[in-house]
$ cat query-v7.cif   # mmCIF, C-alpha atoms
data_my_file
loop_
_atom_site.label_atom_id
_atom_site.label_comp_id
_atom_site.auth_asym_id
_atom_site.auth_seq_id
_atom_site.Cartn_x
_atom_site.Cartn_y
_atom_site.Cartn_z
CA MET A 1 89.82 91.01 90.18
CA SER A 2 87.52 89.82 92.95
CA ALA A 3 87.14 91.77 96.16
CA PHE A 4 88.77 88.93 98.07
CA CYS A 5 91.90 89.06 95.85
CA ARG A 6 92.13 92.81 96.36
CA TYR A 7 92.05 92.41 100.14
CA LEU A 8 94.64 89.65 99.97
CA SER A 9 96.97 91.76 97.81
CA VAL A 10 96.69 94.78 100.09
CA THR A 11 97.29 92.66 103.19
CA LEU A 12 100.38 90.96 101.73
CA CYS A 13 101.85 94.33 100.70
CA LEU A 14 101.32 95.69 104.21
CA LEU A 15 102.93 92.62 105.79
CA MET A 16 105.98 92.99 103.53
CA LEU A 17 106.31 96.65 104.49
CA ASN A 18 106.21 95.67 108.15
CA ALA A 19 108.92 93.05 107.69
CA ALA A 20 111.31 95.81 106.65
CA GLN A 21 111.38 97.46 110.10
CA ALA A 22 114.83 98.42 111.43
CA ALA A 23 116.17 97.35 114.85
CA THR A 24 114.54 99.34 117.64
CA PRO A 25 116.45 100.64 120.73
CA VAL A 26 115.29 98.99 123.97
CA ILE A 27 114.85 100.71 127.35
CA GLU A 28 113.90 98.78 130.48
CA LEU A 29 111.57 100.07 133.15
CA GLU A 30 110.33 98.54 136.42
CA ILE A 31 107.19 98.83 138.46
CA ARG A 32 108.05 98.18 142.11
CA ASP A 33 106.00 99.13 145.18
CA HIS A 34 103.60 100.93 142.81
CA LEU A 35 106.35 103.21 141.50
CA PHE A 36 107.91 103.45 138.07
CA ILE A 37 111.70 102.98 138.33
CA PRO A 38 113.28 105.07 136.93
CA GLU A 39 110.54 107.64 136.89
CA GLU A 40 112.22 109.55 134.09
CA ILE A 41 113.63 108.11 130.91
CA SER A 42 115.30 109.97 128.08
CA ILE A 43 115.04 108.95 124.45
CA PRO A 44 116.27 110.55 121.24
CA ALA A 45 113.89 112.58 119.10
CA ASN A 46 112.36 111.10 115.97
CA THR A 47 113.31 107.55 117.02
CA LYS A 48 111.05 104.65 117.79
CA VAL A 49 111.90 103.00 121.13
CA LYS A 50 110.78 99.75 122.73
CA LEU A 51 110.04 100.03 126.44
CA VAL A 52 110.24 96.72 128.29
CA VAL A 53 108.23 97.24 131.46
CA TYR A 54 108.65 94.67 134.26
CA ASN A 55 105.94 94.62 136.90
CA ARG A 56 107.75 93.39 140.05
CA ASP A 57 104.63 93.85 142.18
CA ALA A 58 102.11 91.07 142.77
CA THR A 59 99.22 93.22 141.54
CA PRO A 60 98.49 94.42 138.01
CA GLU A 61 99.35 97.89 136.82
CA GLU A 62 98.49 99.84 133.71
CA PHE A 63 100.99 102.00 131.85
CA GLU A 64 98.88 104.86 130.57
CA SER A 65 99.64 108.08 128.74
CA TYR A 66 97.34 110.14 126.54
CA GLU A 67 100.35 112.11 125.34
CA LEU A 68 102.07 108.91 124.19
CA ASN A 69 98.77 107.41 123.01
CA ARG A 70 99.42 104.20 124.95
CA GLU A 71 97.45 102.07 127.41
CA LYS A 72 98.86 98.70 128.45
CA VAL A 73 97.97 96.50 131.40
CA ILE A 74 100.86 94.51 132.91
CA LEU A 75 99.85 91.69 135.22
CA GLY A 76 101.73 91.17 138.50
CA GLY A 77 105.08 89.45 137.94
CA ASN A 78 104.85 89.91 134.17
CA LYS A 79 106.44 92.18 131.60
CA ALA A 80 105.10 94.07 128.59
CA ASN A 81 106.58 95.60 125.49
CA ILE A 82 105.45 99.14 124.71
CA PHE A 83 106.57 100.84 121.51
CA ILE A 84 106.70 104.64 121.58
CA GLY A 85 107.76 107.24 119.04
CA PRO A 86 109.06 108.61 116.80
CA LEU A 87 108.39 111.70 118.92
CA THR A 88 109.25 115.38 118.71
CA PRO A 89 111.30 116.90 121.59
CA GLY A 90 109.30 117.45 124.76
CA VAL A 91 108.14 115.85 127.99
CA TYR A 92 105.51 113.10 127.80
CA PRO A 93 104.01 112.09 131.17
CA PHE A 94 102.73 108.60 131.95
CA PHE A 95 101.12 107.05 135.01
CA GLY A 96 99.86 103.78 136.44
CA GLU A 97 96.08 103.73 136.33
CA PHE A 98 95.78 101.29 139.22
CA ASN A 99 97.93 103.51 141.46
CA PRO A 100 97.87 106.98 139.88
CA ARG A 101 98.97 108.81 143.04
CA THR A 102 102.29 107.01 143.29
CA ALA A 103 102.99 105.50 139.89
CA GLN A 104 104.04 108.56 137.90
CA GLY A 105 106.73 108.96 135.29
CA ARG A 106 107.76 110.84 132.18
CA VAL A 107 109.53 110.32 128.92
CA VAL A 108 111.90 113.14 128.01
CA VAL A 109 112.53 113.35 124.30
CA GLU A 110 115.74 115.22 123.43
CA MET B 1 75.22 121.89 97.85
CA GLN B 2 74.17 118.27 98.00
CA PHE B 3 75.57 117.73 94.50
CA ARG B 4 78.90 119.23 95.56
CA ILE B 5 79.08 116.95 98.58
CA LYS B 6 78.28 113.94 96.43
CA ARG B 7 80.85 114.84 93.77
CA TRP B 8 83.57 115.47 96.37
CA GLY B 9 82.74 112.29 98.19
CA ILE B 10 82.80 110.19 95.03
CA SER B 11 86.19 111.67 94.08
CA LEU B 12 87.51 110.81 97.52
CA VAL B 13 86.21 107.29 97.19
CA MET B 14 87.86 106.85 93.81
CA GLY B 15 91.09 108.34 95.11
CA MET B 16 91.23 105.73 97.81
CA SER B 17 90.98 103.00 95.16
CA LEU B 18 88.40 101.18 97.21
CA SER B 19 85.26 102.02 95.32
CA ALA B 20 84.91 98.93 93.19
CA GLY B 21 86.08 96.35 95.67
CA VAL B 22 84.42 97.50 98.83
CA LEU B 23 80.72 97.00 98.44
CA ALA B 24 78.28 95.69 100.99
CA ASP B 25 74.58 95.10 101.22
CA GLY B 26 72.40 97.43 103.32
CA SER B 27 73.74 100.32 105.39
CA VAL B 28 77.20 99.71 106.77
CA VAL B 29 77.26 102.86 108.90
CA ASP B 30 77.95 101.60 112.41
CA LYS B 31 81.18 102.13 114.30
CA VAL B 32 84.87 102.23 113.45
CA TYR B 33 86.78 99.62 115.46
CA HIS B 34 90.36 100.10 116.65
CA PRO B 35 92.74 97.11 116.72
CA TYR B 36 93.47 97.22 120.46
CA VAL B 37 92.51 95.20 123.53
CA GLU B 38 92.88 96.42 127.09
CA GLN B 39 93.52 93.47 129.34
CA LEU B 40 91.19 92.95 132.34
CA GLU B 41 88.63 95.37 130.93
CA TRP B 42 84.86 94.92 131.09
CA GLU B 43 82.63 97.04 128.91
CA LEU B 44 78.92 97.84 128.91
CA GLU B 45 77.90 99.42 125.64
CA TRP B 46 74.91 101.09 124.04
CA ARG B 47 75.13 101.95 120.38
CA THR B 48 72.58 103.48 118.03
CA VAL B 49 72.46 104.20 114.32
CA GLN B 50 69.51 106.19 112.95
CA ALA B 51 69.09 106.66 109.21
CA TYR B 52 66.81 109.39 107.88
CA ASN B 53 65.37 109.81 104.40
CA ALA B 54 63.07 112.41 102.87
CA PRO B 55 59.54 112.19 104.39
CA SER B 56 58.16 111.18 100.98
CA SER B 57 60.22 107.98 100.93
CA VAL B 58 58.78 104.57 101.84
CA GLU B 59 60.61 104.51 105.17
CA SER B 60 61.75 107.90 106.33
CA ARG B 61 63.48 106.71 109.50
CA GLN B 62 65.14 103.47 110.52
CA ALA B 63 66.93 103.00 113.82
CA THR B 64 69.11 100.22 115.19
CA HIS B 65 70.06 99.94 118.86
CA ARG B 66 72.65 97.59 120.31
CA VAL B 67 73.26 96.80 123.97
CA GLY B 68 76.38 94.79 124.62
CA LEU B 69 78.47 93.39 127.43
CA GLY B 70 82.10 92.62 126.71
CA ARG B 71 85.22 91.46 128.46
CA ALA B 72 88.90 91.16 127.62
CA VAL B 73 89.49 87.43 127.96
CA SER B 74 93.25 87.70 127.44
CA GLU B 75 95.95 90.26 126.65
CA PHE B 76 94.98 90.27 122.98
CA LEU B 77 91.39 89.01 122.81
CA PHE B 78 88.15 90.84 123.60
CA ALA B 79 84.73 89.18 123.41
CA GLU B 80 81.34 90.86 123.46
CA ALA B 81 77.69 89.80 123.15
CA TYR B 82 74.91 92.09 121.92
CA LEU B 83 71.15 92.25 121.75
CA ILE B 84 69.99 94.20 118.71
CA GLY B 85 66.70 96.07 118.46
CA ARG B 86 65.27 97.85 115.46
CA GLU B 87 62.48 100.35 114.86
CA GLY B 88 61.35 102.46 111.96
CA SER B 89 58.85 105.06 110.86
CA ASP B 90 56.39 102.26 110.11
CA SER B 91 57.44 99.63 112.68
CA ALA B 92 57.59 99.52 116.48
CA PHE B 93 60.73 98.72 118.41
CA SER B 94 61.54 95.04 118.80
CA VAL B 95 64.59 93.07 119.79
CA ASP B 96 65.08 91.00 116.69
CA ALA B 97 68.69 89.74 116.67
CA TRP B 98 71.69 88.79 118.77
CA GLU B 99 75.36 89.05 117.93
CA LEU B 100 78.63 87.61 119.19
CA GLU B 101 81.85 89.43 118.55
CA ALA B 102 85.57 88.77 119.10
CA LEU B 103 88.33 91.29 118.55
CA TRP B 104 91.83 89.87 118.23
CA GLN B 105 94.76 92.30 118.52
CA LEU B 106 97.49 91.03 116.21
CA SER B 107 100.35 93.45 116.89
CA GLU B 108 101.60 95.69 119.67
CA GLN B 109 100.57 99.29 119.20
CA GLY B 110 103.32 101.16 117.34
CA GLU B 111 105.47 98.07 116.72
CA PHE B 112 105.03 98.06 112.95
CA LEU B 113 104.18 100.51 110.24
CA LEU B 114 100.53 99.66 110.87
CA ASP B 115 98.77 98.23 113.91
CA TYR B 116 96.74 95.12 113.09
CA GLY B 117 93.69 93.44 114.47
CA VAL B 118 90.87 91.29 113.22
CA LEU B 119 87.20 91.32 114.20
CA PHE B 120 84.91 88.30 113.98
CA GLU B 121 81.14 88.85 114.17
CA LEU B 122 78.24 86.40 114.10
CA GLU B 123 74.66 87.69 113.98
CA LYS B 124 71.39 85.74 114.04
CA TYR B 125 67.89 87.13 113.58
CA ARG B 126 65.50 85.83 116.25
CA HIS B 127 62.34 85.37 114.19
CA GLU B 128 63.84 84.71 110.78
CA GLU B 129 66.31 82.16 109.48
CA ILE B 130 68.97 84.73 108.68
CA TRP B 131 72.60 84.37 109.71
CA GLU B 132 75.42 86.80 109.08
CA TYR B 133 79.13 86.24 109.65
CA ALA B 134 81.80 88.90 109.11
CA THR B 135 85.56 88.99 109.30
CA THR B 136 87.00 92.49 109.36
CA LEU B 137 90.64 93.49 109.13
CA LEU B 138 91.40 96.42 111.46
CA LEU B 139 94.32 98.69 110.59
CA GLU B 140 95.54 101.79 112.37
CA ARG B 141 98.42 104.19 111.87
CA GLU B 142 99.49 106.95 114.26
CA LEU B 143 100.80 110.12 112.65
CA GLY B 144 101.70 112.54 115.45
CA ARG B 145 98.42 113.63 117.00
CA PHE B 146 96.47 112.13 114.11
CA SER B 147 95.31 108.52 113.89
CA ALA B 148 94.06 106.91 110.69
CA THR B 149 91.95 103.76 110.98
CA ALA B 150 90.57 101.38 108.36
CA ASN B 151 88.06 98.54 108.82
CA LEU B 152 87.91 96.23 105.79
CA GLY B 153 85.26 93.55 106.09
CA VAL B 154 84.09 90.48 104.23
CA ILE B 155 80.55 89.40 105.12
CA TYR B 156 78.68 86.18 104.39
CA GLU B 157 74.89 85.99 104.75
CA TRP B 158 72.93 82.76 104.63
CA GLY B 159 69.68 81.14 105.71
CA ASP B 160 66.22 80.17 104.45
CA ASP B 161 64.99 83.77 104.59
CA ILE B 162 67.86 85.41 102.74
CA GLU B 163 69.81 84.86 99.57
CA ASP B 164 73.21 83.36 100.38
CA GLU B 165 75.91 85.80 99.34
CA PHE B 166 79.29 87.36 100.08
CA GLU B 167 79.59 91.10 100.54
CA THR B 168 82.30 93.54 101.47
CA ALA B 169 82.31 96.72 103.54
CA ALA B 170 84.75 99.41 104.54
CA ALA B 171 84.93 102.16 107.11
CA LEU B 172 87.71 104.74 107.23
CA GLN B 173 88.37 107.25 109.96
CA ALA B 174 90.85 110.10 110.36
CA ARG B 175 90.97 111.33 113.96
CA TYR B 176 92.75 114.20 115.70
CA ARG B 177 93.72 113.48 119.31
CA HIS B 178 93.00 116.96 120.64
CA SER B 179 92.31 116.00 124.25
CA PRO B 180 90.90 112.99 126.11
CA LEU B 181 87.47 114.66 126.36
CA ILE B 182 87.14 115.70 122.71
CA GLU B 183 88.64 114.16 119.61
CA PRO B 184 87.19 115.23 116.24
CA ALA B 185 87.24 112.84 113.32
CA LEU B 186 86.07 112.41 109.74
CA GLU B 187 84.51 109.08 108.70
CA LEU B 188 83.79 107.45 105.37
CA TYR B 189 81.58 104.35 105.04
CA LEU B 190 81.38 102.26 101.86
CA GLY B 191 79.04 99.41 101.01
CA GLU B 192 76.75 98.20 98.27
CA ASP B 193 73.96 100.50 99.45
CA THR B 194 76.15 102.90 101.38
CA ARG B 195 78.43 105.73 100.43
CA ALA B 196 78.46 108.13 103.33
CA LEU B 197 80.82 110.73 104.69
CA GLY B 198 80.70 112.94 107.74
CA PRO B 199 82.23 114.23 110.97
CA MET B 200 82.13 112.72 114.43
CA LEU B 201 83.32 113.59 117.91
CA GLN B 202 84.48 111.19 120.56
CA GLY B 203 85.93 111.41 124.02
CA VAL B 204 86.47 109.69 127.32
CA ALA B 205 85.67 110.86 130.85
CA ARG B 206 87.57 109.18 133.68
CA LEU B 207 85.24 108.25 136.52
CA GLY B 208 87.87 106.86 138.87
CA SER B 209 90.42 104.10 139.01
CA ARG B 210 89.75 101.71 136.14
CA GLN B 211 86.40 103.31 135.33
CA ALA B 212 85.68 105.44 132.30
CA LEU B 213 82.81 106.57 130.12
CA ARG B 214 83.57 106.70 126.40
CA TRP B 215 81.27 108.44 123.96
CA GLU B 216 80.98 108.91 120.23
CA ALA B 217 78.52 111.04 118.27
CA GLY B 218 78.52 111.58 114.56
CA VAL B 219 76.54 112.28 111.43
CA VAL B 220 77.24 111.09 107.91
CA TRP B 221 75.56 112.27 104.74
CA GLY B 222 74.67 110.00 101.87
CA LEU B 223 76.81 110.51 98.78
CA ASP B 224 74.52 108.66 96.38
CA ALA B 225 70.86 107.90 95.84
CA THR B 226 70.83 104.53 97.64
CA THR B 227 72.32 105.82 100.90
CA ALA B 228 70.08 107.44 103.50
CA ASP B 229 70.08 111.23 103.26
CA TYR B 230 71.76 111.44 106.63
CA THR B 231 72.56 109.01 109.40
CA LEU B 232 73.12 109.80 113.05
CA ARG B 233 75.17 107.46 115.17
CA GLY B 234 76.12 107.39 118.82
CA VAL B 235 77.98 105.18 121.28
CA LEU B 236 78.18 105.16 125.06
CA GLU B 237 80.59 102.72 126.69
CA TYR B 238 81.08 102.25 130.39
CA GLU B 239 84.47 100.63 130.96
CA PHE B 240 85.32 99.04 134.26
#

$ encode --input "query-v7.cif" --output "structure tokens"
Amino acid sequence: MSAFCRYLSVTLCLLMLNAAQAATPVIELEIRDHLFIPEEISIPANTKVKLVVYNRDATPEEFESYELNREKVILGGNKANIFIGPLTPGVYPFFGEFNPRTAQGRVVVE
Amino acid sequence: MQFRIKRWGISLVMGMSLSAGVLADGSVVDKVYHPYVEQLEWELEWRTVQAYNAPSSVESRQATHRVGLGRAVSEFLFAEAYLIGREGSDSAFSVDAWELEALWQLSEQGEFLLDYGVLFELEKYRHEEIWEYATTLLLERELGRFSATANLGVIYEWGDDIEDEFETAAALQARYRHSPLIEPALELYLGEDTRALGPMLQGVARLGSRQALRWEAGVVWGLDATTADYTLRGVLEYEF
């Protein structure tokens, strides 16, 4: 089998595995006046969650968290989808890199 | 000791079922790419790869340096241009190639079982009629504090000064996210003339709002006779 066919086979298998993903719970979050609202969100342990983050400010903001392993820029007036988890119980802080003094939040996994 | 390393490395290669299909010409030790784009980001990069052989060999040292400037042109697309210089134990440093690169993020991080991206690279030698084009599939999976990354590339070389041919290459990385400043990893590179395995460290230092300095430093040892005895590699990226 040629190298190209091997790559194609592997890629198709991976795409089929991805198609079998279950529905993911959705939690909405806002950025307003350089604050995350709410600043604390709770999610269940060992569950993948989709955060829909609306940036209501006119300026961009970046959702950043080393603990969650996520960095995502959200332009002013736009929204972004951020998938987190499955996570073990604990507190996972995040902040806005454009306004780190005010834009602070945390994900509480219970 | 060297024999043990080689035997272990070859077993690992066979276990990953990539050995026969992932072969590339020349050294493929370079950098492991991650399938993510950070919107609005600019990046100034210096990258070096230095391969060392026994002093008795024809060329005991060969070094490649890249200087690049890149920019995220959209939420999911990052473009970068490089100048490439090379030097060796029997040749002086000269800038002998340029390269254009585009990284396309195909999925949101964590959305699927694997995160996907694809990398397109076009390289042209300045003083020779040699072109090289590569398409590389970038895959990443987060497992708690570990991240596993695979780069699977298909390369086409053509021009009057080179034999036209397709090649393949692979780079695999297992990384532990210990802290932003230090993340240890193990890397495996596979190509026609490359079978190399070794550790690396990487980290990022925040320099202020939207400014950071990323670094990588690693060494890989050759697992067969055609690969350099050891190869040092390093990256410095100023992100702004």

$ residues_near_point --input "query-v7.cif" --point "(79.8, 93.7, 123.9)" --cutoff "7 Å" --atoms "only C-alpha atoms" --output "JSON, numbers by chain"
{"B": [43, 44, 45, 68, 69, 70, 79, 80, 81, 82]}

$ axis_aligned_box --input "query-v7.cif" --around "segment 65-78 of chain B" --padding-each-side "4 Å" --output "lines of an AutoDock Vina configuration file"
center_x = 83.0
center_y = 93.7
center_z = 123.7
size_x = 33.9
size_y = 20.5
size_z = 17.6

$ resolve_selection --input "query-v7.cif" --expression "the PyMOL selection byres ((chain A and resi 98) around 7)" --output "PyMOL selection string"
(chain A and resi 61-62+96-97+99-100) or (chain B and resi 209-210)

$ write_last_selection --input "query-v7.cif" --atoms "C-alpha atoms" --output "tab-separated table (two decimals), keeping the file's coordinate frame"
chain	number	residue	atom	x	y	z
A	61	GLU	CA	99.35	97.89	136.82
A	62	GLU	CA	98.49	99.84	133.71
A	96	GLY	CA	99.86	103.78	136.44
A	97	GLU	CA	96.08	103.73	136.33
A	99	ASN	CA	97.93	103.51	141.46
A	100	PRO	CA	97.87	106.98	139.88
B	209	SER	CA	90.42	104.10	139.01
B	210	ARG	CA	89.75	101.71	136.14

$ atom_distance --input "query-v7.cif" --atom1 "atom CA of Phe94 of chain A" --atom2 "atom CA of Arg70 of chain A"
8.9 Å

$ closest_atom_pairs --input "query-v7.cif" --of "chain A" --to "segment 173-192 of chain B" --cutoff "10 Å" --atoms "only C-alpha atoms" --output "Markdown table"
| residue | atom | partner | partner_atom | distance |
| --- | --- | --- | --- | --- |
| A:Tyr66 | CA | B:Pro180 | CA | 7.1 |
| A:Glu67 | CA | B:Ser179 | CA | 9.0 |
| A:Asn69 | CA | B:Arg177 | CA | 8.7 |

$ resolve_selection --input "query-v7.cif" --expression "the PyMOL selection byres ((chain A and resi 31) around 9)" --output "PyMOL selection string"
chain A and resi 29-30+32-38+53-57+61+103

$ interface_residues --input "query-v7.cif" --of "chain B" --to "chain A" --cutoff "6 Å" --atoms "all atoms listed in the file" --output "ChimeraX atom specification"
/B:21,39,110-113

$ write_last_selection --input "query-v7.cif" --atoms "C-alpha atoms" --output "PDB file, keeping the file's coordinate frame"
ATOM      1  CA  GLY B  21      86.080  96.350  95.670  1.00  0.00           C
ATOM      2  CA  GLN B  39      93.520  93.470 129.340  1.00  0.00           C
ATOM      3  CA  GLY B 110     103.320 101.160 117.340  1.00  0.00           C
ATOM      4  CA  GLU B 111     105.470  98.070 116.720  1.00  0.00           C
ATOM      5  CA  PHE B 112     105.030  98.060 112.950  1.00  0.00           C
ATOM      6  CA  LEU B 113     104.180 100.510 110.240  1.00  0.00           C
TER       7      LEU B 113
END

$ resolve_selection --input "query-v7.cif" --expression "the PyMOL selection byres ((chain A and resi 89) around 8)" --output "JSON, numbers by chain"
{"A": [45, 87, 88, 90, 91, 108, 109, 110]}

$ decode --input "query-v7.cif" --residues "segment 33-128 of chain B" --atoms "C-alpha atoms" --output "compact mmCIF listing (two decimals), in the first residue's frame"
# COMPACT_ATOMS: atom_id res chain seq x y z
CA TYR B 33 3.75 22.10 14.83
CA HIS B 34 0.52 22.37 16.82
CA PRO B 35 -2.80 22.75 14.98
CA TYR B 36 -3.77 26.09 16.53
CA VAL B 37 -3.93 29.72 15.42
CA GLU B 38 -4.13 32.68 17.78
CA GLN B 39 -6.04 35.46 16.10
CA LEU B 40 -4.36 38.90 15.85
CA GLU B 41 -0.96 37.43 16.69
CA TRP B 42 2.33 38.47 15.10
CA GLU B 43 5.39 36.30 15.53
CA LEU B 44 9.10 36.84 15.01
CA GLU B 45 10.94 33.54 15.01
CA TRP B 46 14.47 32.19 14.98
CA ARG B 47 14.92 28.47 14.63
CA THR B 48 18.07 26.37 14.38
CA VAL B 49 18.79 22.70 13.78
CA GLN B 50 22.38 21.47 14.12
CA ALA B 51 23.28 17.91 13.18
CA TYR B 52 26.53 16.38 14.42
CA ASN B 53 28.33 13.29 13.18
CA ALA B 54 31.57 11.62 14.23
CA PRO B 55 34.61 13.82 13.37
CA SER B 56 35.81 11.17 10.91
CA SER B 57 32.71 11.56 8.74
CA VAL B 58 32.66 13.63 5.53
CA GLU B 59 30.66 16.41 7.17
CA SER B 60 30.78 16.36 10.93
CA ARG B 61 28.44 19.31 11.46
CA GLN B 62 25.60 20.80 9.48
CA ALA B 63 23.47 23.68 10.72
CA THR B 64 20.29 25.27 9.43
CA HIS B 65 18.98 28.61 10.68
CA ARG B 66 15.57 30.08 9.93
CA VAL B 67 14.38 33.61 10.61
CA GLY B 68 10.69 34.14 10.08
CA LEU B 69 7.97 36.74 10.43
CA GLY B 70 4.40 35.52 10.72
CA ARG B 71 0.94 36.85 11.29
CA ALA B 72 -2.49 35.39 11.97
CA VAL B 73 -4.48 36.60 8.97
CA SER B 74 -7.79 35.27 10.29
CA GLU B 75 -9.25 33.29 13.19
CA PHE B 76 -8.02 30.03 11.68
CA LEU B 77 -5.17 30.94 9.33
CA PHE B 78 -1.56 31.85 10.14
CA ALA B 79 0.99 32.81 7.47
CA GLU B 80 4.74 33.09 7.86
CA ALA B 81 7.73 33.82 5.61
CA TYR B 82 11.27 32.62 6.32
CA LEU B 83 14.80 33.18 5.16
CA ILE B 84 16.89 30.03 5.52
CA GLY B 85 20.65 29.96 6.01
CA ARG B 86 22.91 26.95 6.14
CA GLU B 87 26.47 26.27 7.24
CA GLY B 88 28.58 23.21 7.79
CA SER B 89 31.97 21.97 8.92
CA ASP B 90 33.24 22.52 5.38
CA SER B 91 31.05 25.44 4.23
CA ALA B 92 30.52 29.01 5.41
CA PHE B 93 27.15 30.40 6.36
CA SER B 94 24.99 31.60 3.50
CA VAL B 95 21.34 32.44 3.08
CA ASP B 96 20.39 29.97 0.41
CA ALA B 97 16.59 29.57 0.48
CA TRP B 98 13.28 31.19 1.31
CA GLU B 99 10.07 29.59 2.48
CA LEU B 100 6.40 30.50 2.69
CA GLU B 101 4.17 28.75 5.17
CA ALA B 102 0.45 28.70 5.98
CA LEU B 103 -1.10 26.93 8.95
CA TRP B 104 -4.83 26.31 8.76
CA GLN B 105 -6.64 25.33 11.97
CA LEU B 106 -9.43 22.94 10.99
CA SER B 107 -11.21 22.35 14.31
CA GLU B 108 -11.77 24.11 17.61
CA GLN B 109 -9.42 22.91 20.31
CA GLY B 110 -11.08 20.10 22.27
CA GLU B 111 -14.17 19.92 20.04
CA PHE B 112 -13.43 16.46 18.67
CA LEU B 113 -11.47 13.42 19.68
CA LEU B 114 -8.49 14.98 17.92
CA ASP B 115 -7.68 18.58 17.05
CA TYR B 116 -6.91 19.05 13.36
CA GLY B 117 -4.85 21.42 11.31
CA VAL B 118 -2.95 21.40 8.07
CA LEU B 119 0.35 23.06 7.20
CA PHE B 120 1.34 24.14 3.69
CA GLU B 121 5.01 24.93 2.99
CA LEU B 122 6.76 26.11 -0.16
CA GLU B 123 10.56 26.38 -0.24
CA LYS B 124 12.83 27.62 -3.03
CA TYR B 125 16.62 27.53 -3.10
CA ARG B 126 18.09 30.87 -4.18
CA HIS B 127 21.02 29.69 -6.30
CA GLU B 128 19.70 26.36 -7.50
